[in-house]
Each structure stands twice: as structure tokens, then as C-alpha cells.
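Raw contents of target-v5.cif, mmCIF, C-alpha atoms and all ligand atoms:
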data_data
#
loop_
_atom_site.label_atom_id
_atom_site.label_comp_id
_atom_site.auth_asym_id
_atom_site.auth_seq_id
_atom_site.Cartn_x
_atom_site.Cartn_y
_atom_site.Cartn_z
CA MET J 1 21.26 -4.76 -8.21
CA LEU J 2 19.58 -1.38 -8.62
CA VAL J 3 16.31 -0.56 -10.34
CA ASP J 4 15.35 2.56 -12.27
CA SER J 5 11.70 2.70 -11.25
CA HIS J 6 10.90 5.67 -13.50
CA CYS J 7 12.33 6.64 -16.89
CA HIS J 8 10.95 7.72 -20.27
CA LEU J 9 12.63 5.55 -22.89
CA ASP J 10 10.09 6.52 -25.57
CA PHE J 11 11.17 10.18 -25.56
CA PRO J 12 12.91 11.34 -28.75
CA ASP J 13 16.13 11.99 -26.76
CA PHE J 14 16.70 8.22 -26.69
CA SER J 15 15.37 7.16 -30.08
CA ASP J 16 18.67 6.38 -31.82
CA ASP J 17 20.47 5.06 -28.74
CA LEU J 18 18.11 2.63 -26.99
CA ASP J 19 20.39 -0.42 -27.23
CA GLY J 20 23.23 1.66 -25.77
CA ILE J 21 21.02 2.97 -22.97
CA VAL J 22 19.88 -0.49 -21.97
CA SER J 23 23.36 -2.05 -22.12
CA ARG J 24 24.98 0.82 -20.17
CA ALA J 25 22.28 0.38 -17.52
CA ALA J 26 23.03 -3.35 -17.28
CA ALA J 27 26.78 -2.63 -17.04
CA ALA J 28 26.08 -0.19 -14.18
CA GLY J 29 24.13 -2.88 -12.28
CA VAL J 30 20.67 -1.53 -13.10
CA GLY J 31 18.71 -4.75 -13.47
CA ARG J 32 15.18 -3.47 -14.20
CA MET J 33 13.73 -0.32 -15.73
CA VAL J 34 10.14 0.88 -15.88
CA THR J 35 9.47 3.24 -18.77
CA ILE J 36 6.59 5.41 -17.64
CA SER J 37 3.61 6.37 -19.76
CA THR J 38 2.61 10.00 -20.21
CA ARG J 39 -0.15 9.44 -22.80
CA VAL J 40 -2.52 6.48 -22.82
CA ARG J 41 -2.89 6.99 -26.59
CA LYS J 42 0.82 6.32 -27.09
CA LEU J 43 0.96 3.11 -25.09
CA ASP J 44 1.82 1.04 -28.19
CA GLN J 45 5.22 2.75 -28.44
CA LEU J 46 6.00 1.87 -24.82
CA ILE J 47 4.88 -1.73 -25.20
CA ALA J 48 7.12 -2.07 -28.28
CA ILE J 49 10.12 -0.94 -26.20
CA ALA J 50 9.20 -3.18 -23.26
CA GLU J 51 8.81 -6.16 -25.58
CA ARG J 52 12.22 -5.53 -27.09
CA TYR J 53 14.14 -5.81 -23.78
CA ASP J 54 13.63 -8.50 -21.13
CA ASN J 55 14.38 -6.19 -18.20
CA VAL J 56 12.28 -3.21 -19.37
CA TYR J 57 8.65 -2.88 -18.26
CA CYS J 58 6.12 -0.08 -18.74
CA SER J 59 3.11 1.65 -17.20
CA VAL J 60 -0.06 3.12 -18.69
CA GLY J 61 -1.39 6.56 -17.85
CA THR J 62 -1.93 10.23 -18.58
CA HIS J 63 0.60 12.73 -17.24
CA PRO J 64 -1.15 15.73 -15.64
CA HIS J 65 0.33 17.94 -18.39
CA ASN J 66 -1.77 15.95 -20.89
CA ALA J 67 -4.89 15.81 -18.72
CA ASP J 68 -7.02 18.01 -21.01
CA GLU J 69 -5.96 16.11 -24.12
CA GLU J 70 -6.91 12.78 -22.50
CA ASP J 71 -9.77 14.02 -20.35
CA GLY J 72 -12.39 11.29 -20.06
CA VAL J 73 -10.10 8.25 -20.19
CA SER J 74 -12.00 5.98 -17.85
CA ALA J 75 -10.79 3.60 -15.16
CA ASP J 76 -12.26 0.73 -17.21
CA GLU J 77 -10.23 1.73 -20.24
CA LEU J 78 -7.07 1.88 -18.11
CA ILE J 79 -7.85 -1.49 -16.54
CA ALA J 80 -8.27 -3.07 -19.98
CA LEU J 81 -4.86 -1.73 -21.06
CA THR J 82 -3.12 -3.37 -18.09
CA LYS J 83 -3.82 -6.85 -19.49
CA HIS J 84 -0.49 -6.87 -21.35
CA PRO J 85 2.07 -8.72 -19.17
CA LYS J 86 4.70 -5.98 -19.59
CA VAL J 87 2.35 -3.30 -18.22
CA VAL J 88 3.18 -3.30 -14.50
CA ALA J 89 1.79 0.00 -13.19
CA LEU J 90 -0.68 2.86 -13.73
CA GLY J 91 0.42 6.44 -14.30
CA GLU J 92 2.07 8.70 -14.24
CA ALA J 93 -0.96 10.70 -13.16
CA GLY J 94 -1.57 13.33 -10.52
CA LEU J 95 -1.43 17.08 -10.08
CA ASP J 96 1.07 19.62 -11.40
CA TYR J 97 0.34 23.24 -10.49
CA PHE J 98 3.86 24.40 -11.33
CA TYR J 99 3.31 24.38 -15.07
CA ASP J 100 0.20 25.80 -16.63
CA ASN J 101 -0.54 22.62 -18.62
CA GLY J 102 -3.73 20.73 -17.94
CA SER J 103 -6.58 22.34 -16.03
CA PRO J 104 -6.69 21.43 -12.32
CA GLU J 105 -10.16 19.89 -12.79
CA ALA J 106 -9.07 17.58 -15.62
CA GLN J 107 -5.93 16.65 -13.67
CA ALA J 108 -8.01 15.70 -10.62
CA ARG J 109 -10.48 13.68 -12.73
CA GLY J 110 -7.61 11.81 -14.34
CA PHE J 111 -5.88 11.29 -11.01
CA ARG J 112 -9.01 9.71 -9.50
CA ALA J 113 -9.62 7.48 -12.55
CA HIS J 114 -6.06 6.18 -12.28
CA ILE J 115 -6.51 5.54 -8.55
CA ALA J 116 -9.68 3.56 -9.29
CA ALA J 117 -7.76 1.47 -11.85
CA ALA J 118 -4.92 0.88 -9.40
CA ARG J 119 -7.39 -0.22 -6.74
CA ALA J 120 -9.19 -2.57 -9.14
CA THR J 121 -6.05 -4.17 -10.62
CA GLY J 122 -3.80 -4.22 -7.56
CA LEU J 123 -1.10 -2.59 -9.70
CA PRO J 124 0.76 0.40 -8.24
CA LEU J 125 0.01 3.96 -9.34
CA VAL J 126 2.93 6.25 -10.18
CA ILE J 127 1.88 9.66 -8.87
CA HIS J 128 3.29 12.93 -10.22
CA THR J 129 2.71 15.80 -7.80
CA ARG J 130 4.29 19.22 -8.02
CA GLU J 131 3.33 22.38 -6.11
CA ALA J 132 0.06 20.66 -5.22
CA ASP J 133 0.69 19.23 -1.74
CA GLU J 134 -2.64 20.25 -0.25
CA ASP J 135 -4.91 18.98 -3.03
CA CYS J 136 -2.81 15.85 -3.52
CA GLY J 137 -2.96 15.00 0.19
CA ARG J 138 -6.72 15.58 0.29
CA ILE J 139 -7.41 13.39 -2.76
CA LEU J 140 -5.18 10.62 -1.40
CA GLU J 141 -6.98 10.65 1.95
CA GLU J 142 -10.42 10.63 0.32
CA GLU J 143 -9.49 7.83 -2.07
CA VAL J 144 -7.75 5.59 0.48
CA ALA J 145 -10.91 5.91 2.61
CA LYS J 146 -12.85 4.32 -0.29
CA GLY J 147 -10.44 1.38 -0.45
CA SER J 148 -6.69 0.96 -0.34
CA PHE J 149 -4.38 1.02 -3.36
CA ALA J 150 -0.62 0.90 -3.90
CA ALA J 151 1.27 3.96 -5.11
CA VAL J 152 4.52 5.91 -5.19
CA LEU J 153 4.89 9.68 -5.13
CA HIS J 154 7.60 9.81 -7.76
CA CYS J 155 10.35 12.44 -8.13
CA TYR J 156 9.45 13.76 -4.73
CA THR J 157 9.95 17.50 -4.24
CA GLY J 158 6.97 18.25 -2.00
CA GLY J 159 6.90 19.11 1.67
CA ARG J 160 7.42 16.98 4.75
CA GLU J 161 3.74 16.91 5.63
CA LEU J 162 2.57 15.36 2.35
CA ALA J 163 5.40 12.79 2.44
CA LEU J 164 4.54 11.68 5.96
CA LYS J 165 0.84 11.59 5.09
CA ALA J 166 1.60 9.38 2.08
CA ILE J 167 3.71 7.04 4.22
CA SER J 168 0.91 6.81 6.79
CA LEU J 169 -1.48 5.88 3.95
CA GLY J 170 0.82 3.02 2.96
CA LEU J 171 2.45 4.69 -0.05
CA TYR J 172 6.07 4.92 -1.23
CA ILE J 173 8.31 7.90 -2.07
CA GLY J 174 10.65 8.00 -5.09
CA PHE J 175 13.82 10.10 -5.32
CA THR J 176 15.58 11.34 -8.47
CA GLY J 177 18.78 13.26 -9.22
CA ILE J 178 17.22 16.27 -7.48
CA LEU J 179 18.34 14.58 -4.25
CA THR J 180 21.96 15.07 -5.35
CA PHE J 181 21.70 18.83 -5.95
CA LYS J 182 23.49 21.08 -3.44
CA LYS J 183 20.38 23.09 -2.61
CA SER J 184 18.35 19.96 -1.74
CA GLU J 185 19.27 19.85 1.97
CA ALA J 186 15.62 19.74 3.09
CA LEU J 187 14.86 16.90 0.69
CA ARG J 188 17.84 14.89 1.98
CA ALA J 189 16.76 15.49 5.59
CA LEU J 190 13.31 14.18 4.63
CA ALA J 191 14.78 11.10 2.87
CA ALA J 192 16.76 10.26 6.01
CA GLU J 193 13.59 10.51 8.08
CA LEU J 194 11.41 8.19 5.97
CA PRO J 195 11.12 4.48 6.75
CA ALA J 196 13.76 2.57 4.75
CA ASP J 197 11.22 0.10 3.43
CA ARG J 198 9.22 2.81 1.61
CA ILE J 199 11.81 4.55 -0.54
CA LEU J 200 12.61 4.05 -4.23
CA VAL J 201 15.23 5.42 -6.58
CA GLU J 202 14.60 6.57 -10.15
CA THR J 203 16.08 8.80 -12.83
CA ASP J 204 13.02 10.35 -14.55
CA SER J 205 15.44 10.38 -17.49
CA PRO J 206 15.99 12.02 -19.94
CA TYR J 207 15.38 14.82 -17.40
CA LEU J 208 17.11 15.63 -14.11
CA ALA J 209 20.62 14.27 -14.57
CA PRO J 210 22.18 13.86 -11.12
CA GLY J 211 25.07 15.91 -9.67
CA LYS J 212 28.10 15.29 -11.79
CA PHE J 213 26.09 14.90 -15.04
CA ARG J 214 23.90 17.95 -14.41
CA GLY J 215 22.72 19.68 -17.58
CA LYS J 216 23.40 16.61 -19.73
CA ARG J 217 20.93 14.03 -20.95
CA ASN J 218 20.06 11.71 -18.08
CA GLU J 219 19.79 7.93 -18.54
CA PRO J 220 18.92 4.90 -16.38
CA ALA J 221 22.59 3.99 -15.65
CA TYR J 222 22.86 7.21 -13.62
CA VAL J 223 20.39 5.96 -11.02
CA VAL J 224 23.58 4.77 -9.29
CA GLU J 225 24.39 8.43 -8.52
CA VAL J 226 21.00 8.87 -6.84
CA ALA J 227 21.54 5.69 -4.82
CA LYS J 228 25.01 6.84 -3.71
CA VAL J 229 23.66 10.11 -2.31
CA LEU J 230 20.68 8.35 -0.74
CA ALA J 231 23.05 5.87 0.95
CA GLU J 232 25.22 8.70 2.29
CA THR J 233 22.09 10.57 3.44
CA CYS J 234 20.76 7.52 5.29
CA GLY J 235 24.17 6.60 6.72
CA VAL J 236 24.30 3.16 5.08
CA SER J 237 26.44 1.57 2.36
CA LEU J 238 25.62 1.70 -1.35
CA GLU J 239 25.15 -2.10 -1.21
CA GLU J 240 22.59 -1.74 1.56
CA ILE J 241 20.61 1.03 -0.16
CA SER J 242 20.65 -1.00 -3.41
CA ARG J 243 19.38 -4.10 -1.63
CA GLN J 244 16.69 -2.14 0.26
CA THR J 245 15.35 -0.04 -2.62
CA THR J 246 15.31 -3.04 -4.96
CA GLU J 247 13.43 -5.12 -2.40
CA ASN J 248 10.97 -2.21 -2.03
CA PHE J 249 10.58 -2.03 -5.80
CA PHE J 250 9.69 -5.72 -6.19
CA ARG J 251 7.22 -5.49 -3.29
CA LEU J 252 5.45 -2.50 -4.88
CA PHE J 253 5.78 -3.42 -8.57
CA SER J 254 4.74 -6.98 -7.86
CA ARG J 255 4.12 -7.92 -11.51
CA VAL J 256 7.81 -7.44 -12.37
CA LYS J 257 9.72 -10.72 -12.28
CA ALA J 258 12.30 -10.72 -9.47
ZN ZN E 301 6.55 13.07 -13.17
ZN ZN E 302 8.21 11.06 -15.43
#

Show me the file's structure as C-alpha cells.
Amino acid sequence: MLVDSHCHLDFPDFSDDLDGIVSRAAAAGVGRMVTISTRVRKLDQLIAIAERYDNVYCSVGTHPHNADEEDGVSADELIALTKHPKVVALGEAGLDYFYDNGSPEAQARGFRAHIAAARATGLPLVIHTREADEDCGRILEEEVAKGSFAAVLHCYTGGRELALKAISLGLYIGFTGILTFKKSEALRALAAELPADRILVETDSPYLAPGKFRGKRNEPAYVVEVAKVLAETCGVSLEEISRQTTENFFRLFSRVKA
């Protein structure tokens, strides 16, 4: 079994095809999906999707692109929203300096509030970090010093230093279809170097369709393509990478039924 640890099933791209998406994922051996929140204020839509399908779960959080719009969402508010049994994670939250959406200050405030909620609930935080290695690494170090929390740096595209720092702080690293792109040699070298018990696979669909589907709409079934390249990269079989990443997923997302 494989798991898509990060997708966005509430995005309009999927609205008239959700049953198809979920059944194609099941047919491809994708046994669980976590549809990731980008706006706390739209959590109801995610919960409705998660309630509709047994093997779909969701998170609650503010994507850094929406940090200004949801500036001031407190850790307590986030904690209260995790009471629903299908909410299994916080995020995605973090820092994105690539796009000019969300001021760095609001992003950092949101990031720290989500970390506080993850620490208080014991649920993992899904971290989005892009072109922000230095600030992300600093915030993680400062926050882990205040008390540990579980987290994954999802859709990893950062440098080696931040990845190794995250691993040393007890965190996980998630890989998407970007791993399958020709130009991603450095990312594959990094994936091969990381401890096998800290890596996850994800699609981040509808974005980032892997290799042979590039440019098309991505969907959870295609996480198999990410796993294939990760297996090749790590020199193990697809069965072994499926077993390992799924075991990692259930350890990190401990509220999801195994
Ligand atoms: Zn993201
Ligand atoms: Zn995402």
C-alpha cells in the first residue's frame, strides 16, 4: 500500500471528478490520502470531503500564501479545530519567499502558531518552505528548543543543510513529482542520503504531475510514479519503498487508522 500524504482534493480542478479520483487512487494501491488545508476558514469543505470517503483525512491550517488574510489565527483556535476525528494534522503553514504572497512577518507568525498547536495536540505539522531555508531552519531550531513537535517538510525543494537540520530535529521530509524531473539530480542525491525511516511520498495534486504526466492535472493515483523514482534512487524495490514510506506515514500521522 502507498499513501498520498499531501493532496488538495478541495481545489476546483477536482470538483466534478472526486469519486473518480478516489477510486483510481484505490485501484493504484493508494490506501490513504490526506487533503491538506490552505485556509482555516475553508475547513468545512475539507471535512465534508473527508467525511465522504473512509480513506481520506484532512488537516487544518493557513498556507503561507494566505498568511495576511488569516493573520491572527491563534494556536488555541487551531487546537479547537483539530477535535474532529478526520482532522489528523496541522498545516500547511510555513514560509514561501518565492512568491510575493503573504508578508514574511505574517508567514512567520502563522508558522509559529501552527507549531504551538502541533506541540499542544501531538498532531504533526505539514510545513511548506520555499526559498526560505535560513529563516525556516532558524524558526525550527528555536521552536524545538521550546518543546518538541512532529512535522514534515513537504514537497521538499530546499538545500541539503536544511534537510539534514530537520532530520536532526526529528522531522520528516516529503517528496513530490519534482523528484521525477530530469533536472532534479541534487534532490535525488539528497533523498538517497536521508534516513529511510524519515521520508514520505506525496503528490501535492492537482499541481506537480510527475514525469510522464508532466503538464497534466496531477492526482493521488500518480504518487506511484514518485515512489518508483524514490525506490530507484534509494536502490530498493517499489514494494520496499511502499512498505517503508507507509510505515513512516502511520508513525507520523498517528491519528490515521492503520
Ligand atoms: Zn505546499
Ligand atoms: Zn500543498

Test item: residues lying within 12 Å of ligand ZN 301 (chain E) with only C-alpha atoms and all ligand atoms, as a PDB file with C-alpha atoms, in the frame of the given file:
ATOM      1  CA  SER J   5      11.700   2.700 -11.250  1.00  0.00           C
ATOM      2  CA  HIS J   6      10.900   5.670 -13.500  1.00  0.00           C
ATOM      3  CA  CYS J   7      12.330   6.640 -16.890  1.00  0.00           C
ATOM      4  CA  HIS J   8      10.950   7.720 -20.270  1.00  0.00           C
ATOM      5  CA  THR J  35       9.470   3.240 -18.770  1.00  0.00           C
ATOM      6  CA  ILE J  36       6.590   5.410 -17.640  1.00  0.00           C
ATOM      7  CA  SER J  37       3.610   6.370 -19.760  1.00  0.00           C
ATOM      8  CA  THR J  38       2.610  10.000 -20.210  1.00  0.00           C
ATOM      9  CA  GLY J  61      -1.390   6.560 -17.850  1.00  0.00           C
ATOM     10  CA  THR J  62      -1.930  10.230 -18.580  1.00  0.00           C
ATOM     11  CA  HIS J  63       0.600  12.730 -17.240  1.00  0.00           C
ATOM     12  CA  PRO J  64      -1.150  15.730 -15.640  1.00  0.00           C
ATOM     13  CA  HIS J  65       0.330  17.940 -18.390  1.00  0.00           C
ATOM     14  CA  ASN J  66      -1.770  15.950 -20.890  1.00  0.00           C
ATOM     15  CA  GLY J  91       0.420   6.440 -14.300  1.00  0.00           C
ATOM     16  CA  GLU J  92       2.070   8.700 -14.240  1.00  0.00           C
ATOM     17  CA  ALA J  93      -0.960  10.700 -13.160  1.00  0.00           C
ATOM     18  CA  GLY J  94      -1.570  13.330 -10.520  1.00  0.00           C
ATOM     19  CA  LEU J  95      -1.430  17.080 -10.080  1.00  0.00           C
ATOM     20  CA  ASP J  96       1.070  19.620 -11.400  1.00  0.00           C
ATOM     21  CA  PHE J  98       3.860  24.400 -11.330  1.00  0.00           C
ATOM     22  CA  TYR J  99       3.310  24.380 -15.070  1.00  0.00           C
ATOM     23  CA  LEU J 125       0.010   3.960  -9.340  1.00  0.00           C
ATOM     24  CA  VAL J 126       2.930   6.250 -10.180  1.00  0.00           C
ATOM     25  CA  ILE J 127       1.880   9.660  -8.870  1.00  0.00           C
ATOM     26  CA  HIS J 128       3.290  12.930 -10.220  1.00  0.00           C
ATOM     27  CA  THR J 129       2.710  15.800  -7.800  1.00  0.00           C
ATOM     28  CA  ARG J 130       4.290  19.220  -8.020  1.00  0.00           C
ATOM     29  CA  VAL J 152       4.520   5.910  -5.190  1.00  0.00           C
ATOM     30  CA  LEU J 153       4.890   9.680  -5.130  1.00  0.00           C
ATOM     31  CA  HIS J 154       7.600   9.810  -7.760  1.00  0.00           C
ATOM     32  CA  CYS J 155      10.350  12.440  -8.130  1.00  0.00           C
ATOM     33  CA  TYR J 156       9.450  13.760  -4.730  1.00  0.00           C
ATOM     34  CA  THR J 157       9.950  17.500  -4.240  1.00  0.00           C
ATOM     35  CA  GLY J 174      10.650   8.000  -5.090  1.00  0.00           C
ATOM     36  CA  PHE J 175      13.820  10.100  -5.320  1.00  0.00           C
ATOM     37  CA  THR J 176      15.580  11.340  -8.470  1.00  0.00           C
ATOM     38  CA  GLU J 202      14.600   6.570 -10.150  1.00  0.00           C
ATOM     39  CA  THR J 203      16.080   8.800 -12.830  1.00  0.00           C
ATOM     40  CA  ASP J 204      13.020  10.350 -14.550  1.00  0.00           C
ATOM     41  CA  SER J 205      15.440  10.380 -17.490  1.00  0.00           C
ATOM     42  CA  PRO J 206      15.990  12.020 -19.940  1.00  0.00           C
ATOM     43  CA  TYR J 207      15.380  14.820 -17.400  1.00  0.00           C
ATOM     44  CA  LEU J 208      17.110  15.630 -14.110  1.00  0.00           C
TER      45      LEU J 208
END

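Reported to one decimal place, the separation of CA of Ala151 (chain J) from CA of Val236 (chain J) is 25.2 Å.
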
Taking 6 positions as the minimum chain separation for residues in the same chain, which residues sit within 12 Å of Val22 (chain J) when counting all atoms listed in the file? Answer as a count of residues only.
23

Closest to Tyr97 (chain J) among J:Lys216, J:Pro124, J:Asp133, J:Leu252, using all atoms listed in the file?
J:Asp133

My list of candidates is J:Gln45, J:Ser59, J:Gln244, J:Ser23. Which is closest to ligand ZN 302 (chain E) when distances are computed with all atoms listed in the file?
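Among the listed residues, the smallest separation from ligand ZN 302 (chain E) belongs to J:Ser59.
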
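The nearest approach to Ser254 (chain J) among the residues J:Tyr57, J:Phe181, J:Phe11, J:Phe111, with all atoms listed in the file taken into account, belongs to J:Tyr57.
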
All residues 12 Å or closer to Ala189 (chain J), all atoms listed in the file, same chain fewer than 2 positions away omitted, as a short mmCIF file (atom, residue, chain, number, x, y, z; two decimals) with C-alpha atoms, in the frame of the given file:
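Now in selection_36.cif:
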data_model
loop_
_atom_site.label_atom_id
_atom_site.label_comp_id
_atom_site.auth_asym_id
_atom_site.auth_seq_id
_atom_site.Cartn_x
_atom_site.Cartn_y
_atom_site.Cartn_z
CA GLY J 159 6.90 19.11 1.67
CA ARG J 160 7.42 16.98 4.75
CA LEU J 179 18.34 14.58 -4.25
CA LYS J 183 20.38 23.09 -2.61
CA SER J 184 18.35 19.96 -1.74
CA GLU J 185 19.27 19.85 1.97
CA ALA J 186 15.62 19.74 3.09
CA LEU J 187 14.86 16.90 0.69
CA ALA J 191 14.78 11.10 2.87
CA ALA J 192 16.76 10.26 6.01
CA GLU J 193 13.59 10.51 8.08
CA LEU J 194 11.41 8.19 5.97
CA VAL J 229 23.66 10.11 -2.31
CA LEU J 230 20.68 8.35 -0.74
CA GLU J 232 25.22 8.70 2.29
CA THR J 233 22.09 10.57 3.44
CA CYS J 234 20.76 7.52 5.29
CA GLY J 235 24.17 6.60 6.72
#

Which residue is closest to Ser242 (chain J)? Choose from J:Pro85, J:Arg255, J:Val201, J:Glu69 and count all atoms listed in the file.
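Once distances to Ser242 (chain J) are computed over all atoms listed in the file, the minimum belongs to J:Val201.
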
For Thr245 (chain J), please output as a list in words all residues within 7 Å (counting all atoms listed in the file; exclusion window: fewer than 4 positions along the same chain).
Ile199, Leu200, Val201, Ile241 and Phe249 of chain J

When you draw a straight line from CA of Ile79 (chain J) to CA of Ala117 (chain J), how long is it in Å?
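Computing the Euclidean distance for CA of Ile79 (chain J) and CA of Ala117 (chain J) yields 5.5 Å.
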
So that I can see what lies close to Ser74 (chain J), please list as a ChimeraX atom specification the residues with an atom at most 12 Å from it, counting only C-alpha atoms and leaving out residues fewer than 4 positions away in the same chain.
/J:40,61-62,70,78-81,109-117

Okay, now the selection with C-alpha atoms, as a PDB file, in the frame of the given file?
ATOM      1  CA  VAL J  40      -2.520   6.480 -22.820  1.00  0.00           C
ATOM      2  CA  GLY J  61      -1.390   6.560 -17.850  1.00  0.00           C
ATOM      3  CA  THR J  62      -1.930  10.230 -18.580  1.00  0.00           C
ATOM      4  CA  GLU J  70      -6.910  12.780 -22.500  1.00  0.00           C
ATOM      5  CA  LEU J  78      -7.070   1.880 -18.110  1.00  0.00           C
ATOM      6  CA  ILE J  79      -7.850  -1.490 -16.540  1.00  0.00           C
ATOM      7  CA  ALA J  80      -8.270  -3.070 -19.980  1.00  0.00           C
ATOM      8  CA  LEU J  81      -4.860  -1.730 -21.060  1.00  0.00           C
ATOM      9  CA  ARG J 109     -10.480  13.680 -12.730  1.00  0.00           C
ATOM     10  CA  GLY J 110      -7.610  11.810 -14.340  1.00  0.00           C
ATOM     11  CA  PHE J 111      -5.880  11.290 -11.010  1.00  0.00           C
ATOM     12  CA  ARG J 112      -9.010   9.710  -9.500  1.00  0.00           C
ATOM     13  CA  ALA J 113      -9.620   7.480 -12.550  1.00  0.00           C
ATOM     14  CA  HIS J 114      -6.060   6.180 -12.280  1.00  0.00           C
ATOM     15  CA  ILE J 115      -6.510   5.540  -8.550  1.00  0.00           C
ATOM     16  CA  ALA J 116      -9.680   3.560  -9.290  1.00  0.00           C
ATOM     17  CA  ALA J 117      -7.760   1.470 -11.850  1.00  0.00           C
TER      18      ALA J 117
END

Using Å and a single decimal, report how far CA of Gly170 (chain J) sits from CA of Gly72 (chain J).
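Separation between CA of Gly72 (chain J) and CA of Gly170 (chain J): 27.8 Å.
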